[in-house]
Amino acid sequence: MVREASSSLFTENAKKERRNRIIHKVVGQSVIWLVLILMYVPILVLIASSFTNTEIIGSWGAPSGELYVKLFNDPEILTALGNTIIIAVVSAIIATILGTCGAIGVFYSKKKWTREVVENVTQIPVVNAEIVIALSLVVMFVFVGTYIFGGANLFSFWTLLVGHIILALPFVYLSVKPKLIQMDPALYEAALDLGCTQHQALWKATMPEIMPGVASGFLLSITLSLDDFIVTAFTRGAGLLSGDKTIDTLSTLVQAKIKKGPIPPAMRALTTIIFAVVLLIVIGITIHRNLAAKKIRARRGRSVEK
């Protein structure tokens, strides 16, 4: 009797656990699909509307590629796109170099208080409001221009570039730092013992181990620069492809167009192209990682056979 009661109790508990797992799985997948639908349905609607020559999204007309022709014939949008890409790439390269060097220097620093101060200071821009960073940069540029350069107006491409670098630098540092922590600390010392100089050990032992963090920091920097509006609006001036006019990026151009009326229909074609390019990059990175993982598994299999 005791065995039968214990077995029935065990069966009931097993059924309850199985039921709970099914409920959790269904609820979890439902939430994930709901989030994906809310994220991607507007993008799909935007992509579909880019193939119709209508002023308002949602009013469908005959399929047409006229918006793409208008896009490549619109000098204002192309100028803003060129400014955006140049600023994003240049600021991302500089921020990645500075952030990586800073992370390596802090990681190998022997002074504990130096590491703690730098890490705490680096985290402030991440949690701080972007408007505070923008206003601080404006105050600094005005102060330097007034009291050091005799009242000169410093706002130009260079002030905009500095703003984007400051915006992206902490994220690069925070992307590289975990890879340094995960790295075998004896790897660098082993390279030195095998005859490498400090420079050679850094490039041959340390950099390959932290390269995923460097790459993610670089891509994150580009993303932050591409969709930034507040820092751009406060720190921009004349220069780049805009010539003597104030620099316009895609974010500032869209904001200026919204003030006057609806967003130009050609912007729908541009966002579709940007989405397609990003999608291809993600697919390419995924395929590259899968191929690299297969090669590593193949090498391990050969070493085991030997």
# chains A, B, ... in the order shown; residues from 1 in each chain; ligands from 1

$ residues_around --residues "Pro212 in chain A" --least-positions-apart "4" --cutoff "10 Å" --atoms "only C-alpha atoms" --output "JSON, numbers by chain"
{"A": [175, 176, 179, 207, 208, 216, 217, 218]}

$ closest_atom_pairs --of "range 72-104 of chain A" --to "range 145-167 of chain A" --cutoff "8 Å" --atoms "only C-alpha atoms" --output "tab-separated table"
residue	atom	partner	partner_atom	distance
A:Ile87	CA	A:Leu161	CA	6.4
A:Ala88	CA	A:His164	CA	7.9
A:Val90	CA	A:Leu161	CA	7.9
A:Ser91	CA	A:Ile165	CA	5.1
A:Ala92	CA	A:Ile165	CA	7.0
A:Ile94	CA	A:Ile165	CA	6.9
A:Ala95	CA	A:Ile165	CA	5.3

$ write_last_selection --atoms "C-alpha atoms" --output "tab-separated table (two decimals), in the first residue's frame"
chain	number	residue	atom	x	y	z
A	87	ILE	CA	30.87	60.65	-39.12
A	88	ALA	CA	29.83	57.15	-38.03
A	90	VAL	CA	35.47	57.91	-38.51
A	91	SER	CA	34.14	58.26	-34.95
A	92	ALA	CA	33.77	54.47	-34.61
A	94	ILE	CA	38.79	56.45	-33.33
A	95	ALA	CA	36.54	55.37	-30.43

$ closest_residue --among "A:Ile287, A:Val172, A:Val144, A:Ile56" --to "Leu220 in chain A" --atoms "only C-alpha atoms"
A:Val172

$ select_by_dssp --residues "range 140-262 of chain A" --states "alpha helix (DSSP H)" --output "VMD selection string"
chain A and resid 140 to 147 157 to 182 186 to 193 198 to 201 207 to 226 230 to 235 250 to 260

$ atom_distance --atom1 "CA of Leu291 in chain A" --atom2 "CA of Ile274 in chain A"
25.9 Å

$ closest_residue --among "A:Ser50, A:Thr223, A:Thr100, A:Asn120" --to "Met267 in chain A" --atoms "only C-alpha atoms"
A:Ser50

$ atom_distance --atom1 "CA of Thr122 in chain A" --atom2 "CA of Val139 in chain A"
20.3 Å

$ residues_around --residues "Phe107 in chain A" --least-positions-apart "3" --cutoff "8 Å" --atoms "only C-alpha atoms" --output "ChimeraX atom specification"
/A:103-104,115,177,180

$ decode --residues "range 125-230 of chain A" --atoms "C-alpha atoms" --output "mmCIF file, in the first residue's frame"
data_model
loop_
_atom_site.group_PDB
_atom_site.id
_atom_site.type_symbol
_atom_site.label_atom_id
_atom_site.label_comp_id
_atom_site.auth_asym_id
_atom_site.auth_seq_id
_atom_site.Cartn_x
_atom_site.Cartn_y
_atom_site.Cartn_z
ATOM 1 C CA PRO A 125 28.330 58.401 -19.679
ATOM 2 C CA VAL A 126 26.571 55.062 -20.153
ATOM 3 C CA VAL A 127 24.025 55.606 -17.374
ATOM 4 C CA ASN A 128 23.899 59.386 -17.757
ATOM 5 C CA ALA A 129 21.271 61.153 -19.871
ATOM 6 C CA GLU A 130 22.461 62.020 -23.378
ATOM 7 C CA ILE A 131 21.201 65.577 -23.038
ATOM 8 C CA VAL A 132 23.644 66.098 -20.157
ATOM 9 C CA ILE A 133 26.556 64.970 -22.343
ATOM 10 C CA ALA A 134 25.420 67.245 -25.172
ATOM 11 C CA LEU A 135 25.047 70.302 -22.950
ATOM 12 C CA SER A 136 28.401 69.637 -21.288
ATOM 13 C CA LEU A 137 30.101 69.508 -24.675
ATOM 14 C CA VAL A 138 28.434 72.752 -25.742
ATOM 15 C CA VAL A 139 29.608 74.509 -22.578
ATOM 16 C CA MET A 140 33.150 73.194 -23.080
ATOM 17 C CA PHE A 141 33.340 74.257 -26.743
ATOM 18 C CA VAL A 142 31.929 77.708 -25.979
ATOM 19 C CA PHE A 143 34.362 78.172 -23.080
ATOM 20 C CA VAL A 144 37.373 77.087 -25.150
ATOM 21 C CA GLY A 145 36.330 79.220 -28.110
ATOM 22 C CA THR A 146 35.691 82.286 -25.946
ATOM 23 C CA TYR A 147 38.611 82.272 -23.523
ATOM 24 C CA ILE A 148 41.327 80.384 -25.438
ATOM 25 C CA PHE A 149 40.694 81.214 -29.097
ATOM 26 C CA GLY A 150 39.466 84.782 -28.531
ATOM 27 C CA GLY A 151 35.763 84.343 -29.175
ATOM 28 C CA ALA A 152 36.029 81.982 -32.148
ATOM 29 C CA ASN A 153 33.119 79.748 -33.100
ATOM 30 C CA LEU A 154 34.478 76.222 -32.818
ATOM 31 C CA PHE A 155 31.340 74.373 -33.875
ATOM 32 C CA SER A 156 32.162 72.380 -37.018
ATOM 33 C CA PHE A 157 32.734 68.826 -38.156
ATOM 34 C CA TRP A 158 35.465 68.440 -35.541
ATOM 35 C CA THR A 159 33.226 69.295 -32.590
ATOM 36 C CA LEU A 160 30.603 66.907 -33.950
ATOM 37 C CA LEU A 161 33.252 64.206 -34.308
ATOM 38 C CA VAL A 162 34.447 64.724 -30.726
ATOM 39 C CA GLY A 163 30.866 64.436 -29.488
ATOM 40 C CA HIS A 164 30.303 61.128 -31.274
ATOM 41 C CA ILE A 165 33.630 59.745 -30.045
ATOM 42 C CA ILE A 166 32.778 60.617 -26.437
ATOM 43 C CA LEU A 167 29.354 59.038 -26.902
ATOM 44 C CA ALA A 168 30.747 55.722 -28.212
ATOM 45 C CA LEU A 169 34.006 55.413 -26.253
ATOM 46 C CA PRO A 170 32.554 53.977 -22.994
ATOM 47 C CA PHE A 171 30.662 51.261 -24.913
ATOM 48 C CA VAL A 172 33.854 50.137 -26.634
ATOM 49 C CA TYR A 173 35.635 49.970 -23.288
ATOM 50 C CA LEU A 174 32.810 47.922 -21.768
ATOM 51 C CA SER A 175 32.818 45.566 -24.784
ATOM 52 C CA VAL A 176 36.554 44.876 -24.649
ATOM 53 C CA LYS A 177 36.899 44.599 -20.867
ATOM 54 C CA PRO A 178 34.981 41.257 -20.455
ATOM 55 C CA LYS A 179 37.137 39.633 -23.148
ATOM 56 C CA LEU A 180 40.273 40.661 -21.269
ATOM 57 C CA ILE A 181 38.862 39.160 -18.068
ATOM 58 C CA GLN A 182 37.988 35.885 -19.854
ATOM 59 C CA MET A 183 41.447 35.648 -21.420
ATOM 60 C CA ASP A 184 44.055 33.395 -19.868
ATOM 61 C CA PRO A 185 46.339 35.810 -17.933
ATOM 62 C CA ALA A 186 49.348 33.558 -18.558
ATOM 63 C CA LEU A 187 49.005 33.871 -22.341
ATOM 64 C CA TYR A 188 50.693 37.263 -22.558
ATOM 65 C CA GLU A 189 53.505 36.226 -20.192
ATOM 66 C CA ALA A 190 54.038 33.010 -22.161
ATOM 67 C CA ALA A 191 54.467 35.027 -25.342
ATOM 68 C CA LEU A 192 57.106 37.154 -23.610
ATOM 69 C CA ASP A 193 58.899 34.040 -22.341
ATOM 70 C CA LEU A 194 58.975 32.640 -25.894
ATOM 71 C CA GLY A 195 60.908 35.656 -27.136
ATOM 72 C CA CYS A 196 58.228 38.127 -28.200
ATOM 73 C CA THR A 197 58.611 41.784 -27.441
ATOM 74 C CA GLN A 198 55.798 43.534 -25.582
ATOM 75 C CA HIS A 199 54.445 44.905 -28.870
ATOM 76 C CA GLN A 200 54.565 41.471 -30.538
ATOM 77 C CA ALA A 201 52.960 39.762 -27.536
ATOM 78 C CA LEU A 202 50.157 42.304 -27.579
ATOM 79 C CA TRP A 203 49.354 41.732 -31.265
ATOM 80 C CA LYS A 204 49.961 37.976 -31.405
ATOM 81 C CA ALA A 205 48.621 36.868 -28.014
ATOM 82 C CA THR A 206 46.240 39.479 -26.609
ATOM 83 C CA MET A 207 44.537 40.975 -29.680
ATOM 84 C CA PRO A 208 43.281 37.682 -31.183
ATOM 85 C CA GLU A 209 41.641 36.828 -27.848
ATOM 86 C CA ILE A 210 39.830 40.169 -27.475
ATOM 87 C CA MET A 211 39.022 40.715 -31.152
ATOM 88 C CA PRO A 212 35.323 39.705 -30.761
ATOM 89 C CA GLY A 213 34.936 42.422 -28.123
ATOM 90 C CA VAL A 214 36.729 44.954 -30.337
ATOM 91 C CA ALA A 215 34.487 44.086 -33.290
ATOM 92 C CA SER A 216 31.308 44.325 -31.220
ATOM 93 C CA GLY A 217 32.455 47.668 -29.805
ATOM 94 C CA PHE A 218 33.130 48.963 -33.327
ATOM 95 C CA LEU A 219 29.695 47.898 -34.591
ATOM 96 C CA LEU A 220 28.038 49.342 -31.496
ATOM 97 C CA SER A 221 29.859 52.637 -32.048
ATOM 98 C CA ILE A 222 28.589 52.826 -35.631
ATOM 99 C CA THR A 223 25.050 52.085 -34.472
ATOM 100 C CA LEU A 224 25.156 54.758 -31.769
ATOM 101 C CA SER A 225 26.480 57.327 -34.228
ATOM 102 C CA LEU A 226 23.984 56.510 -36.981
ATOM 103 C CA ASP A 227 20.879 57.029 -34.858
ATOM 104 C CA ASP A 228 22.160 59.828 -32.612
ATOM 105 C CA PHE A 229 20.239 63.089 -32.674
ATOM 106 C CA ILE A 230 20.812 65.017 -29.422
#
